[in-house]
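As structure tokens, the structure follows; a few thoughts come after it.
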There are 2 protein chains.
Amino acid sequence: MRDVAIIGVGMIKFGKYPDRLLSSMGRDAVLAAMKDAGVQPKDIQAAYSGSLHGGSLLGQRIFKDLGMVGMPINNMENACSSGSSAMREAWLGIASGLYDAAIAVGSEKLSALGGGVLPMEREDIEANEGMVMPALYAMRARRYMEDFGAKPEHFAKVVVKSRKCASKNPYAQFTKETTVEEVLNSRMIADPLTLFQCCPTGDGAAAVVLCSGDKAQKYTTRPIWIKGSVLVSGRFINGFRDMTTPEITVRGSKLAYEMAGVAPKDVDLAEVHDAFSIAELLYYEALGFCKHGEAIRLIDEGATDINGRIPVNPSGGLLSKGHPVGTTGLAQITEVVWQLRGEAAGRQVKDPKIGLTHCTGGGIYGLDHGACSIHILAK
Amino acid sequence: MRDVAIIGVGMIKFGKYPDRLLSSMGRDAVLAAMKDAGVQPKDIQAAYSGSLHGGSLLGQRIFKDLGMVGMPINNMENACSSGSSAMREAWLGIASGLYDAAIAVGSEKLSALGGGVLPMEREDIEANEGMVMPALYAMRARRYMEDFGAKPEHFAKVVVKSRKCASKNPYAQFTKETTVEEVLNSRMIADPLTLFQCCPTGDGAAAVVLCSGDKAQKYTTRPIWIKGSVLVSGRFINGFRDMTTPEITVRGSKLAYEMAGVAPKDVDLAEVHDAFSIAELLYYEALGFCKHGEAIRLIDEGATDINGRIPVNPSGGLLSKGHPVGTTGLAQITEVVWQLRGEAAGRQVKDPKIGLTHCTGGGIYGLDHGACSIHILAK
């Protein structure tokens, strides 16, 4: 398989755009990524479009008004991992030699949905009985408090860090800094998780242009290399007897590190799936940045701050940048590319060489149908 | 890229199953294909699930109760080409060397939808103004009558042939033979297309197990080889000045023939996207089985009958076998595999060596956002 480089990224500011067509948001991200890459429509040989609620043939609708109509276009869905799954198939298409250049785009318009965001399938017994995402994460937070002595303040600190990063990110949905008190005093959603500890709904789009290693220098002097690209399915939690170990992330990240030939200690920054405050802490551990139970020490010490030992979510993450579901994976890639290039301005991590992105999602049904995608990028 | 073989296929009888879960239909097709291939769950390294209306994480829901939960699972949507798009990504995964064996499954439950089948996107201006599929195909039929002297009887003959084939197909939705008179006397839907000339709505699932060429002999003595696998986007019709040339199919089939190193005359049978009677005639021409305007001669001469020069839709096609949208591409593959193996019983084409499948779909919006997938298989 061939080396694959990212040569361009782009996204729109996350927010609520009830009056915009979803396809036009995706198109803006595509245009930004293509401009960043310096490619023309004729250079792109295939497209992969990721979305949860995008409707039929979203990719074709995004690309047609750009005159990009002849190429293969695939529409991908993997819940929160939709965008990163699109990215992985684009990587595969190029790594295999089938294409020299391809684009992955993620777009989502949650503002169109009114209330519910994640779909309830008829067989999703747990969710239909009330175990929706905030409830599941609240149970995990309670268990983590019980087992490892975490306090609500630890969860709140994740949000304070998130908002501080996002205040320097012009693409983020929430850009106002906050305090531990404010986080804890916000409305209770599912005890112990308050409103500020839950990622917002919103709309957004992000796109990534990829090309074969041997063609990368034609377009850019600063390619970012895809060293690891992994998608796994499996258990969102490790059964109800071990709710604080996200089995799917532990297994997926091991595969990604192996593929990239790096260890957790080699990672200079990570964008992880902090859909709720507790989630970020659990993923510090699942991704190997610390041992199980030690995440509260990391957040207390500021180890995951922008200037810490292992900066996590310098973009503001899902909690503050926002989480337009199918977009998130590609927005994470976009942030890590900017960081590796040294283009992240006020939220720049100091001279990072290796970055990791992590998306995980899916309903709760039977515990066994999650999708988790992890990418390891290097400059 | 490596050679890829199909080592197992399976489907359920198409029909209406309002009381069944979609995931359980998909699971039955998967089990049938895996049994046919003689593979165990542990042999399958990746899955691609195709569906238009399948909802979130359908693939994961299909595979979890089989204990197939660790592997990468991607959910694909490309309207009528959803199943064949899943097939193509599975082919790519193996051809690239990433996987040794993978499975593609298509599942659809149109009976769950009530009336409408194809989704209406807000920007699908033509469809929202009334140019839904039957209307578009009726316009194409009128134009074809005007330009080439076709009569309603020619369209009806396509249906008579279709029902005759389906009467020998235990997996078909409509298995009762019909006559030209009966077809023409059925209720008018969009002049000149009567009810019998429109494919039915229904439910169904089909699955295909693929593996690398070097591993195929471990499982089977009769591999079917994927010689061409093409997906293109583009114009469903060639603009309103040339409505009888399906540009996307003409272009896609040229690429598929080129990839497979064969010509239309080498094809021994084809399963084509006969969503309406006129469509089958147009695809005879677009796929190169005859020149533009000559399809009525082919149907008059019986050239596309099971015992004709180039048998088309021996399964009964979409018109009689049924068209559970995301399933169709893989049901076509299943039929061609059975035919190439000589297992099609009462509808067996005589000793075919090369078969073609053709799916094309998508709304009408702006004319430019179709998806067409073509596979060429050989024994």
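If you're wondering about the labels, chains in the structure tokens are A, B, ... by order shown, residues count from 1 in each chain, ligands from 1 in order shown.
Interface residues on chain B toward chain A (cut-off 7 Å, only C-alpha atoms): Met1, Leu52, Ser56, Leu57, Gln60, Arg61, Lys64, Val69, Gly70, Met71, Pro72, Ile73, Asn74, Asn75, Met76, Glu77, Asn78, Ala79, Ser96, Pro119, Leu231, Val232, Ser233, Gly234, Gly362, Asp368 and His369 of chain B.
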Would you mind exporting the chosen residues as a PDB file, in the first residue's frame, restricted to N, CA and C atoms?
```pdb
ATOM      1  N   MET B   1      -2.898  -4.196  -7.679  1.00  0.00           N
ATOM      2  CA  MET B   1      -4.107  -4.654  -6.986  1.00  0.00           C
ATOM      3  C   MET B   1      -4.301  -6.154  -7.233  1.00  0.00           C
ATOM      4  N   LEU B  52     -30.669   2.359   1.514  1.00  0.00           N
ATOM      5  CA  LEU B  52     -31.113   3.744   1.357  1.00  0.00           C
ATOM      6  C   LEU B  52     -31.788   4.239   2.637  1.00  0.00           C
ATOM      7  N   SER B  56     -29.345   4.435  11.103  1.00  0.00           N
ATOM      8  CA  SER B  56     -27.959   4.522  11.548  1.00  0.00           C
ATOM      9  C   SER B  56     -27.385   3.163  11.932  1.00  0.00           C
ATOM     10  N   LEU B  57     -26.149   2.926  11.534  1.00  0.00           N
ATOM     11  CA  LEU B  57     -25.384   1.744  11.966  1.00  0.00           C
ATOM     12  C   LEU B  57     -26.088   0.429  11.643  1.00  0.00           C
ATOM     13  N   GLN B  60     -23.774  -2.637  11.702  1.00  0.00           N
ATOM     14  CA  GLN B  60     -23.453  -3.099  13.053  1.00  0.00           C
ATOM     15  C   GLN B  60     -24.628  -3.873  13.640  1.00  0.00           C
ATOM     16  N   ARG B  61     -25.863  -3.397  13.371  1.00  0.00           N
ATOM     17  CA  ARG B  61     -27.035  -4.104  13.899  1.00  0.00           C
ATOM     18  C   ARG B  61     -27.201  -5.475  13.244  1.00  0.00           C
ATOM     19  N   LYS B  64     -24.038  -7.784  14.754  1.00  0.00           N
ATOM     20  CA  LYS B  64     -23.739  -7.981  16.176  1.00  0.00           C
ATOM     21  C   LYS B  64     -24.277  -9.301  16.722  1.00  0.00           C
ATOM     22  N   VAL B  69     -18.381  -8.526  15.702  1.00  0.00           N
ATOM     23  CA  VAL B  69     -18.439  -7.177  16.238  1.00  0.00           C
ATOM     24  C   VAL B  69     -17.118  -6.422  16.253  1.00  0.00           C
ATOM     25  N   GLY B  70     -16.031  -7.049  16.022  1.00  0.00           N
ATOM     26  CA  GLY B  70     -14.768  -6.334  16.133  1.00  0.00           C
ATOM     27  C   GLY B  70     -14.326  -5.647  14.853  1.00  0.00           C
ATOM     28  N   MET B  71     -14.737  -6.196  13.736  1.00  0.00           N
ATOM     29  CA  MET B  71     -14.208  -5.758  12.430  1.00  0.00           C
ATOM     30  C   MET B  71     -14.700  -4.360  12.041  1.00  0.00           C
ATOM     31  N   PRO B  72     -14.009  -3.728  11.075  1.00  0.00           N
ATOM     32  CA  PRO B  72     -14.511  -2.481  10.504  1.00  0.00           C
ATOM     33  C   PRO B  72     -15.818  -2.740   9.763  1.00  0.00           C
ATOM     34  N   ILE B  73     -16.825  -1.922  10.045  1.00  0.00           N
ATOM     35  CA  ILE B  73     -18.101  -2.008   9.337  1.00  0.00           C
ATOM     36  C   ILE B  73     -18.424  -0.622   8.812  1.00  0.00           C
ATOM     37  N   ASN B  74     -18.674  -0.531   7.522  1.00  0.00           N
ATOM     38  CA  ASN B  74     -19.047   0.744   6.919  1.00  0.00           C
ATOM     39  C   ASN B  74     -20.460   0.666   6.374  1.00  0.00           C
ATOM     40  N   ASN B  75     -21.219   1.718   6.591  1.00  0.00           N
ATOM     41  CA  ASN B  75     -22.573   1.807   6.064  1.00  0.00           C
ATOM     42  C   ASN B  75     -22.581   2.751   4.870  1.00  0.00           C
ATOM     43  N   MET B  76     -23.068   2.247   3.737  1.00  0.00           N
ATOM     44  CA  MET B  76     -22.957   2.953   2.473  1.00  0.00           C
ATOM     45  C   MET B  76     -24.338   3.304   1.930  1.00  0.00           C
ATOM     46  N   GLU B  77     -24.435   4.485   1.342  1.00  0.00           N
ATOM     47  CA  GLU B  77     -25.688   4.879   0.694  1.00  0.00           C
ATOM     48  C   GLU B  77     -25.367   5.489  -0.651  1.00  0.00           C
ATOM     49  N   ASN B  78     -26.025   4.994  -1.668  1.00  0.00           N
ATOM     50  CA  ASN B  78     -25.921   5.583  -2.994  1.00  0.00           C
ATOM     51  C   ASN B  78     -27.220   5.339  -3.744  1.00  0.00           C
ATOM     52  N   ALA B  79     -28.343   5.585  -3.071  1.00  0.00           N
ATOM     53  CA  ALA B  79     -29.677   5.354  -3.642  1.00  0.00           C
ATOM     54  C   ALA B  79     -29.747   3.926  -4.206  1.00  0.00           C
ATOM     55  N   SER B  96      -6.786  -4.210  -2.521  1.00  0.00           N
ATOM     56  CA  SER B  96      -5.672  -3.404  -2.005  1.00  0.00           C
ATOM     57  C   SER B  96      -4.716  -4.209  -1.139  1.00  0.00           C
ATOM     58  N   PRO B 119     -36.434   9.535  -1.262  1.00  0.00           N
ATOM     59  CA  PRO B 119     -36.561  10.726  -0.422  1.00  0.00           C
ATOM     60  C   PRO B 119     -36.578  11.997  -1.265  1.00  0.00           C
ATOM     61  N   LEU B 231     -17.798   2.576 -10.313  1.00  0.00           N
ATOM     62  CA  LEU B 231     -18.844   3.480  -9.801  1.00  0.00           C
ATOM     63  C   LEU B 231     -18.601   4.842 -10.419  1.00  0.00           C
ATOM     64  N   VAL B 232     -19.632   5.406 -10.988  1.00  0.00           N
ATOM     65  CA  VAL B 232     -19.511   6.768 -11.518  1.00  0.00           C
ATOM     66  C   VAL B 232     -20.705   7.595 -11.052  1.00  0.00           C
ATOM     67  N   SER B 233     -20.513   8.885 -11.028  1.00  0.00           N
ATOM     68  CA  SER B 233     -21.638   9.778 -10.796  1.00  0.00           C
ATOM     69  C   SER B 233     -21.879  10.543 -12.087  1.00  0.00           C
ATOM     70  N   GLY B 234     -22.990  11.229 -12.147  1.00  0.00           N
ATOM     71  CA  GLY B 234     -23.231  12.011 -13.348  1.00  0.00           C
ATOM     72  C   GLY B 234     -24.692  12.106 -13.711  1.00  0.00           C
ATOM     73  N   GLY B 362     -30.674   7.462  -8.115  1.00  0.00           N
ATOM     74  CA  GLY B 362     -30.559   8.830  -7.668  1.00  0.00           C
ATOM     75  C   GLY B 362     -31.728   9.641  -8.158  1.00  0.00           C
ATOM     76  N   ASP B 368     -27.914  16.000 -12.446  1.00  0.00           N
ATOM     77  CA  ASP B 368     -26.480  15.756 -12.409  1.00  0.00           C
ATOM     78  C   ASP B 368     -25.998  15.010 -11.175  1.00  0.00           C
ATOM     79  N   HIS B 369     -26.881  14.350 -10.471  1.00  0.00           N
ATOM     80  CA  HIS B 369     -26.374  13.720  -9.248  1.00  0.00           C
ATOM     81  C   HIS B 369     -26.750  12.244  -9.152  1.00  0.00           C
TER      82      HIS B 369
END
```
Which neighbours of A:Ile376 fall inside 6 Å, counting only C-alpha atoms, when residues of the same chain fewer than 5 positions from it are skipped, and could you give them as an mmCIF file with C-alpha atoms, in the first residue's frame?
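Once everything was written out, this is part-v3.cif:
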```
data_model
loop_
_atom_site.group_PDB
_atom_site.id
_atom_site.type_symbol
_atom_site.label_atom_id
_atom_site.label_comp_id
_atom_site.auth_asym_id
_atom_site.auth_seq_id
_atom_site.Cartn_x
_atom_site.Cartn_y
_atom_site.Cartn_z
ATOM 1 C CA LYS A 227 0.507 6.936 9.530
ATOM 2 C CA GLY A 228 -2.424 5.066 11.006
ATOM 3 C CA GLY A 355 -1.183 13.978 16.299
ATOM 4 C CA LEU A 356 -4.039 11.593 16.974
#
```
Excluding same-chain residues fewer than 4 positions from stretch 277-292 of chain B, what lies within 8 Å of it counting only C-alpha atoms, as a PyMOL selection string? chain B and resi 137+140-141+155-156+158-159+193+197-198+244-247+249-250+253-254+264-265+272-273+296+298-299+310+319
Resulting file, chosen residues, N, CA and C atoms, as an mmCIF file, in the first residue's frame:
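Output file again20.cif follows:
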```cif
data_model
loop_
_atom_site.group_PDB
_atom_site.id
_atom_site.type_symbol
_atom_site.label_atom_id
_atom_site.label_comp_id
_atom_site.auth_asym_id
_atom_site.auth_seq_id
_atom_site.Cartn_x
_atom_site.Cartn_y
_atom_site.Cartn_z
ATOM 1 N N TYR B 137 -39.497 8.699 -16.363
ATOM 2 C CA TYR B 137 -39.392 7.555 -17.276
ATOM 3 C C TYR B 137 -40.479 7.595 -18.339
ATOM 4 N N ARG B 140 -39.313 9.812 -20.992
ATOM 5 C CA ARG B 140 -38.293 9.132 -21.802
ATOM 6 C C ARG B 140 -38.958 8.143 -22.761
ATOM 7 N N ALA B 141 -39.991 7.465 -22.276
ATOM 8 C CA ALA B 141 -40.698 6.510 -23.139
ATOM 9 C C ALA B 141 -41.355 7.237 -24.312
ATOM 10 N N PHE B 155 -42.891 -1.954 -24.900
ATOM 11 C CA PHE B 155 -42.646 -1.825 -23.458
ATOM 12 C C PHE B 155 -43.283 -3.010 -22.715
ATOM 13 N N ALA B 156 -44.486 -3.370 -23.162
ATOM 14 C CA ALA B 156 -45.197 -4.469 -22.495
ATOM 15 C C ALA B 156 -44.428 -5.782 -22.632
ATOM 16 N N VAL B 158 -41.328 -6.261 -22.552
ATOM 17 C CA VAL B 158 -40.277 -6.325 -21.522
ATOM 18 C C VAL B 158 -40.844 -6.942 -20.246
ATOM 19 N N VAL B 159 -42.069 -6.539 -19.911
ATOM 20 C CA VAL B 159 -42.695 -7.043 -18.683
ATOM 21 C C VAL B 159 -43.073 -8.524 -18.832
ATOM 22 N N LEU B 193 -46.711 4.541 -19.379
ATOM 23 C CA LEU B 193 -46.343 3.448 -18.468
ATOM 24 C C LEU B 193 -47.523 3.041 -17.572
ATOM 25 N N GLN B 197 -45.681 -1.950 -15.635
ATOM 26 C CA GLN B 197 -44.401 -1.517 -16.213
ATOM 27 C C GLN B 197 -43.524 -0.766 -15.201
ATOM 28 N N CYS B 198 -43.991 -0.710 -13.957
ATOM 29 C CA CYS B 198 -43.239 -0.041 -12.886
ATOM 30 C C CYS B 198 -42.827 -1.104 -11.873
ATOM 31 N N THR B 244 -33.104 9.934 -24.020
ATOM 32 C CA THR B 244 -33.066 8.475 -24.173
ATOM 33 C C THR B 244 -31.645 7.921 -24.126
ATOM 34 N N THR B 245 -30.686 8.792 -23.848
ATOM 35 C CA THR B 245 -29.316 8.316 -23.638
ATOM 36 C C THR B 245 -28.954 8.478 -22.164
ATOM 37 N N PRO B 246 -28.860 7.375 -21.425
ATOM 38 C CA PRO B 246 -28.457 7.490 -20.023
ATOM 39 C C PRO B 246 -26.943 7.660 -19.946
ATOM 40 N N GLU B 247 -26.532 8.899 -19.970
ATOM 41 C CA GLU B 247 -25.105 9.244 -20.074
ATOM 42 C C GLU B 247 -24.267 8.501 -19.050
ATOM 43 N N THR B 249 -24.711 5.674 -17.579
ATOM 44 C CA THR B 249 -24.556 4.240 -17.864
ATOM 45 C C THR B 249 -23.628 4.023 -19.052
ATOM 46 N N VAL B 250 -23.746 4.855 -20.049
ATOM 47 C CA VAL B 250 -22.856 4.751 -21.216
ATOM 48 C C VAL B 250 -21.404 4.900 -20.773
ATOM 49 N N SER B 253 -20.286 2.007 -18.246
ATOM 50 C CA SER B 253 -20.078 0.684 -18.848
ATOM 51 C C SER B 253 -18.798 0.668 -19.680
ATOM 52 N N LYS B 254 -18.495 1.769 -20.321
ATOM 53 C CA LYS B 254 -17.219 1.822 -21.068
ATOM 54 C C LYS B 254 -16.039 1.588 -20.130
ATOM 55 N N PRO B 264 -18.852 -5.535 -25.201
ATOM 56 C CA PRO B 264 -20.254 -5.916 -24.981
ATOM 57 C C PRO B 264 -20.598 -7.274 -25.603
ATOM 58 N N LYS B 265 -20.010 -7.589 -26.749
ATOM 59 C CA LYS B 265 -20.331 -8.860 -27.408
ATOM 60 C C LYS B 265 -19.851 -10.073 -26.609
ATOM 61 N N VAL B 272 -29.794 -5.886 -15.448
ATOM 62 C CA VAL B 272 -29.777 -4.427 -15.588
ATOM 63 C C VAL B 272 -30.917 -3.782 -14.804
ATOM 64 N N HIS B 273 -30.817 -2.479 -14.659
ATOM 65 C CA HIS B 273 -31.685 -1.724 -13.751
ATOM 66 C C HIS B 273 -33.021 -1.364 -14.410
ATOM 67 N N ILE B 296 -35.845 -1.985 -29.634
ATOM 68 C CA ILE B 296 -37.155 -2.597 -29.921
ATOM 69 C C ILE B 296 -36.995 -3.818 -30.817
ATOM 70 N N LEU B 298 -34.415 -5.856 -30.620
ATOM 71 C CA LEU B 298 -33.945 -6.907 -29.700
ATOM 72 C C LEU B 298 -35.111 -7.555 -28.955
ATOM 73 N N ILE B 299 -36.013 -6.721 -28.448
ATOM 74 C CA ILE B 299 -37.126 -7.307 -27.679
ATOM 75 C C ILE B 299 -38.075 -8.053 -28.620
ATOM 76 N N ILE B 310 -28.331 -12.421 -26.091
ATOM 77 C CA ILE B 310 -27.787 -11.768 -24.901
ATOM 78 C C ILE B 310 -28.900 -11.685 -23.839
ATOM 79 N N LEU B 319 -38.445 -5.353 -12.230
ATOM 80 C CA LEU B 319 -39.874 -5.339 -12.530
ATOM 81 C C LEU B 319 -40.621 -6.486 -11.852
#
```
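When atom CA of A:Ile125 is paired with atom CA of B:Ile12, their separation reads 25.6 Å.
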Write down as JSON, numbers by chain the residues belonging to stretch 44-247 of chain A that are assigned strand (DSSP E) by DSSP computed on the backbone. {"A": [46, 47, 48, 49, 50, 73, 74, 75, 76, 77, 101, 102, 103, 104, 105, 106, 107, 108, 109, 188, 189, 190, 193, 194, 203, 204, 205, 206, 207, 208, 209, 210, 211, 212, 224, 225, 226, 227, 228, 229, 230, 231, 232, 233, 234]}
I'd like the interatomic distance between atom CA of A:Ile224 and atom CA of A:Val336, to a tenth of an Å. 9.4 Å
Residues within 7 Å of B:His323, only C-alpha atoms, excluding chain neighbours under 3 positions, as a short mmCIF file (atom, residue, chain, number, x, y, z; two decimals) with C-alpha atoms, in the first residue's frame:
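Once written, selection-v4.cif looks like this:
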```
data_model
loop_
_atom_site.label_atom_id
_atom_site.label_comp_id
_atom_site.auth_asym_id
_atom_site.auth_seq_id
_atom_site.Cartn_x
_atom_site.Cartn_y
_atom_site.Cartn_z
CA CYS B 199 -41.16 -2.06 -10.44
CA PRO B 200 -42.92 -2.82 -7.16
CA THR B 201 -41.96 -1.60 -3.71
CA GLY B 202 -40.91 -4.36 -1.36
CA LEU B 318 -36.49 -5.16 -10.78
CA THR B 328 -30.81 -4.59 -5.68
#
```
Which residues, written as JSON, numbers by chain, have at least one atom at most 6 Å from stretch 208-215 of chain A, with only C-alpha atoms counted and residues fewer than 4 positions away on the same chain left out? {"A": [3, 4, 5, 6, 7, 8, 9, 33, 94, 100, 101, 102, 103, 104]}
Only C-alpha atoms, please: the residues just picked out, written as a compact mmCIF listing (two decimals), in the first residue's frame.
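Everything below was put into result-v9.txt:
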```txt
# COMPACT_ATOMS: atom_id res chain seq x y z
CA ASP A 3 1.91 6.38 1.48
CA VAL A 4 -0.92 8.88 1.63
CA ALA A 5 -0.64 12.57 2.47
CA ILE A 6 -3.17 15.18 3.49
CA ILE A 7 -2.57 18.22 1.33
CA GLY A 8 -5.55 20.38 2.24
CA VAL A 9 -8.16 20.88 4.93
CA ALA A 33 -10.02 22.35 1.54
CA ILE A 94 -5.34 6.16 -2.58
CA ASP A 100 -4.09 9.49 -6.88
CA ALA A 101 -6.21 12.11 -5.13
CA ALA A 102 -9.53 12.03 -3.30
CA ILE A 103 -11.58 14.14 -0.96
CA ALA A 104 -13.50 13.32 2.19
```
Using only C-alpha atoms, determine which residues lie at most 10 Å from B:Ile306, disregarding the query and same-chain residues fewer than 4 positions distant; provide the list as number ranges by chain. B: 161, 164-165, 269, 302, 310-315, 346-350
Would you save the residues from that selection as a compact mmCIF listing (two decimals), in the first residue's frame, using N, CA and C atoms?
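Once everything was written out, this is result21.txt:
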```txt
# COMPACT_ATOMS: atom_id res chain seq x y z
N LYS B 161 -41.58 -10.76 -20.66
CA LYS B 161 -40.32 -11.49 -20.51
C LYS B 161 -39.90 -11.56 -19.03
N LYS B 164 -42.05 -13.95 -17.00
CA LYS B 164 -41.77 -15.34 -17.39
C LYS B 164 -40.52 -15.84 -16.67
N CYS B 165 -39.47 -15.01 -16.66
CA CYS B 165 -38.24 -15.37 -15.95
C CYS B 165 -38.52 -15.53 -14.45
N LEU B 269 -24.61 -12.76 -20.19
CA LEU B 269 -25.90 -12.38 -19.59
C LEU B 269 -25.71 -11.11 -18.78
N GLY B 302 -36.63 -11.43 -29.45
CA GLY B 302 -36.37 -12.32 -28.31
C GLY B 302 -34.89 -12.48 -28.01
N ILE B 310 -28.33 -12.42 -26.09
CA ILE B 310 -27.79 -11.77 -24.90
C ILE B 310 -28.90 -11.69 -23.84
N PRO B 311 -29.03 -12.75 -23.05
CA PRO B 311 -30.11 -12.77 -22.05
C PRO B 311 -29.97 -11.63 -21.04
N VAL B 312 -31.07 -10.90 -20.83
CA VAL B 312 -31.07 -9.79 -19.87
C VAL B 312 -32.13 -10.05 -18.80
N ASN B 313 -31.72 -9.87 -17.56
CA ASN B 313 -32.59 -10.05 -16.41
C ASN B 313 -33.26 -11.42 -16.33
N PRO B 314 -32.48 -12.49 -16.41
CA PRO B 314 -33.07 -13.82 -16.22
C PRO B 314 -33.70 -14.01 -14.84
N SER B 315 -33.31 -13.18 -13.88
CA SER B 315 -33.90 -13.26 -12.53
C SER B 315 -35.33 -12.74 -12.48
N GLY B 346 -34.57 -23.46 -13.40
CA GLY B 346 -35.49 -23.25 -14.52
C GLY B 346 -35.22 -22.02 -15.35
N ARG B 347 -34.40 -21.11 -14.85
CA ARG B 347 -34.12 -19.88 -15.60
C ARG B 347 -32.65 -19.82 -16.02
N GLN B 348 -31.99 -20.97 -16.04
CA GLN B 348 -30.55 -21.01 -16.33
C GLN B 348 -30.24 -20.62 -17.78
N VAL B 349 -29.35 -19.67 -17.92
CA VAL B 349 -28.80 -19.32 -19.24
C VAL B 349 -27.78 -20.40 -19.60
N LYS B 350 -27.70 -20.72 -20.89
CA LYS B 350 -26.84 -21.84 -21.28
C LYS B 350 -25.35 -21.49 -21.20
```
Find the distance between atom CA of A:Lys35 and atom CA of A:Gly10 and write it in Å to one decimal.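 Between atom CA of A:Lys35 and atom CA of A:Gly10 the gap is 8.5 Å.
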